[in-house]
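Asks: The structure that follows is given in the form of structure tokens.
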Amino acid sequence: DNWVRFPLSSQNSILNRQLGRGIRTDWPFLVKGPAAAFEPKSAKSVGELLQPFRTTRQREGREGTDWPMSADSPVGPAVLLNNIGKGKVLAFTCSPDYATSSDHHIVEARRLLANAVRFLNPNPRVRITAPATVQAIVTDEPSERTLRIHLLGYNSPPQTTPAKNRPYILPGLIEDAPMYRATVDTLLSIKQVAALNESTKLQQNDRCVEVIVNDIHEVVIIRY
């Protein structure tokens, strides 16, 4: 149960804002999973890694540490950034990937992963903006000069927790087809755009396509 914080006043404040986009400033958030304290040499340090608070019984080994405690004092940076040649290497001292799939996943850990990807690749070939409940998968067929964007919208009724093995969640079944809006921006020149479902509404504006979907699965086909 390690914690991460992006301070408001920091030597690398610009990097803090980039990697902490969408995350409350100067506020520690839980990043469940393995972590290690590093002392930067050539790397730039971004954010803070905070150790968890431990009770006297926990320090004596008489109480477990499975359930997260509050954040304690900083022990090192949360992210290390190095420039190598023309590229960049970003290393987490914590485990936001583990946290995202753990029993104690929170929004901030997932956003930290997304911010890191966007930092390393600020101008992707295809950029998709959609609700957090929509999963997007992009495939490219260069020989046919065709992009296929699969959109999966999962919107279920409220979930419940079981009587045992909490905090595990019993996922709800989808009862109604969701309606959502997505935007596809690409660096490619779009010649033609189409969708598999007739109910899907498409609007193209140069290299941007706005989609309104009223189904669970949709495939947007872009020919470039």
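Chain identifiers are assigned as A, B, and so on, following the order in which chains appear in the structure tokens; residues are numbered from 1 within each chain, and ligands are numbered from 1 in order of appearance.
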Residues near Gln18 (chain A), anyone? I mean within 12 Å using only C-alpha atoms, not counting same-chain ones fewer than 6 positions away, as a PyMOL selection string.
Replies: chain A and resi 6+12+25+46-47+79+111-120+122
Asks: Quick one: residues within 7 Å of Glu210 (chain A), only C-alpha atoms, excluding same-chain residues fewer than 5 positions away - as a PyMOL selection string?
Replies: chain A and resi 182-184+202-204
Asks: Once you have the residues from the selection above, write them out as a short mmCIF file (atom, residue, chain, number, x, y, z; two decimals), in the first residue's frame, restricted to N, CA and C atoms.
Replies:
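And here's again30.cif as it stands now:
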data_model
loop_
_atom_site.label_atom_id
_atom_site.label_comp_id
_atom_site.auth_asym_id
_atom_site.auth_seq_id
_atom_site.Cartn_x
_atom_site.Cartn_y
_atom_site.Cartn_z
N ALA A 182 -17.79 9.42 -29.11
CA ALA A 182 -16.35 9.23 -29.19
C ALA A 182 -15.80 10.09 -30.33
N THR A 183 -14.54 10.48 -30.19
CA THR A 183 -13.87 11.28 -31.21
C THR A 183 -12.58 10.58 -31.62
N VAL A 184 -12.36 10.45 -32.92
CA VAL A 184 -11.15 9.83 -33.45
C VAL A 184 -10.37 10.90 -34.21
N LEU A 202 -22.08 9.44 -37.83
CA LEU A 202 -20.71 9.84 -38.11
C LEU A 202 -20.68 11.27 -38.62
N GLN A 203 -19.68 12.01 -38.18
CA GLN A 203 -19.47 13.35 -38.70
C GLN A 203 -17.97 13.58 -38.85
N GLN A 204 -17.52 13.80 -40.09
CA GLN A 204 -16.10 13.99 -40.37
C GLN A 204 -15.79 15.46 -40.51
#
Asks: Enumerate the residues of region 93-221 of chain A with a DSSP assignment of alpha helix (DSSP H), computed from the backbone, and present them as a ChimeraX atom specification.
Replies: /A:96-100,107-120
Asks: So that I have them on file, write out the residues from the current selection with C-alpha atoms, as a short mmCIF file (atom, residue, chain, number, x, y, z; two decimals), in the first residue's frame.
Replies:
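The result, stored in part-v7.cif:
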data_model
loop_
_atom_site.label_atom_id
_atom_site.label_comp_id
_atom_site.auth_asym_id
_atom_site.auth_seq_id
_atom_site.Cartn_x
_atom_site.Cartn_y
_atom_site.Cartn_z
CA PRO A 96 0.44 1.64 -11.27
CA ASP A 97 -0.17 -1.34 -13.58
CA TYR A 98 -0.45 -3.68 -10.59
CA ALA A 99 -2.65 -1.15 -8.80
CA THR A 100 -5.03 -0.80 -11.75
CA VAL A 107 -8.87 6.26 -10.90
CA GLU A 108 -5.58 8.07 -10.24
CA ALA A 109 -3.43 4.97 -10.81
CA ARG A 110 -5.04 4.40 -14.21
CA ARG A 111 -4.62 8.08 -15.13
CA LEU A 112 -0.96 7.93 -14.14
CA LEU A 113 -0.41 5.14 -16.67
CA ALA A 114 -2.27 7.05 -19.39
CA ASN A 115 -0.32 10.23 -18.67
CA ALA A 116 2.98 8.36 -18.95
CA VAL A 117 2.03 6.95 -22.35
CA ARG A 118 0.92 10.38 -23.57
CA PHE A 119 4.13 11.97 -22.26
CA LEU A 120 6.30 9.52 -24.19
#
Asks: Would you pick out the contacts of Ile149 (chain A) at 7 Å or less, using only C-alpha atoms, so that residues sharing its chain but fewer than 4 positions from it are not included, and give the list as a PyMOL selection string?
Replies: chain A and resi 136-139+219-221
Asks: Could the residues in this selection be written to a file with N, CA and C atoms, as a compact mmCIF listing (two decimals), in the first residue's frame?
Replies:
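Final output, result_5.txt:
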# COMPACT_ATOMS: atom_id res chain seq x y z
N ALA A 136 -11.19 0.92 -26.48
CA ALA A 136 -10.91 1.12 -27.90
C ALA A 136 -9.72 0.27 -28.33
N ILE A 137 -9.87 -0.42 -29.46
CA ILE A 137 -8.79 -1.22 -30.05
C ILE A 137 -8.63 -0.79 -31.49
N VAL A 138 -7.41 -0.43 -31.87
CA VAL A 138 -7.14 0.05 -33.22
C VAL A 138 -6.30 -0.98 -33.96
N THR A 139 -6.75 -1.34 -35.16
CA THR A 139 -5.97 -2.22 -36.04
C THR A 139 -5.72 -1.49 -37.35
N VAL A 219 -17.61 -0.81 -34.91
CA VAL A 219 -16.35 -0.76 -35.64
C VAL A 219 -16.41 0.42 -36.59
N VAL A 220 -15.51 1.37 -36.40
CA VAL A 220 -15.39 2.51 -37.30
C VAL A 220 -14.27 2.21 -38.29
N ILE A 221 -14.60 2.27 -39.57
CA ILE A 221 -13.65 1.92 -40.63
C ILE A 221 -13.22 3.20 -41.32
Asks: Compare A:Arg223, A:Arg127, A:His104, A:Arg166 by their minimum atom-to-atom distance to Ser143 (chain A), counting only C-alpha atoms, and give me the closest one.
Replies: A:Arg223
Asks: Separation of CA of Thr56 (chain A) and CA of Ser70 (chain A), in Å?
Replies: 14.2 Å
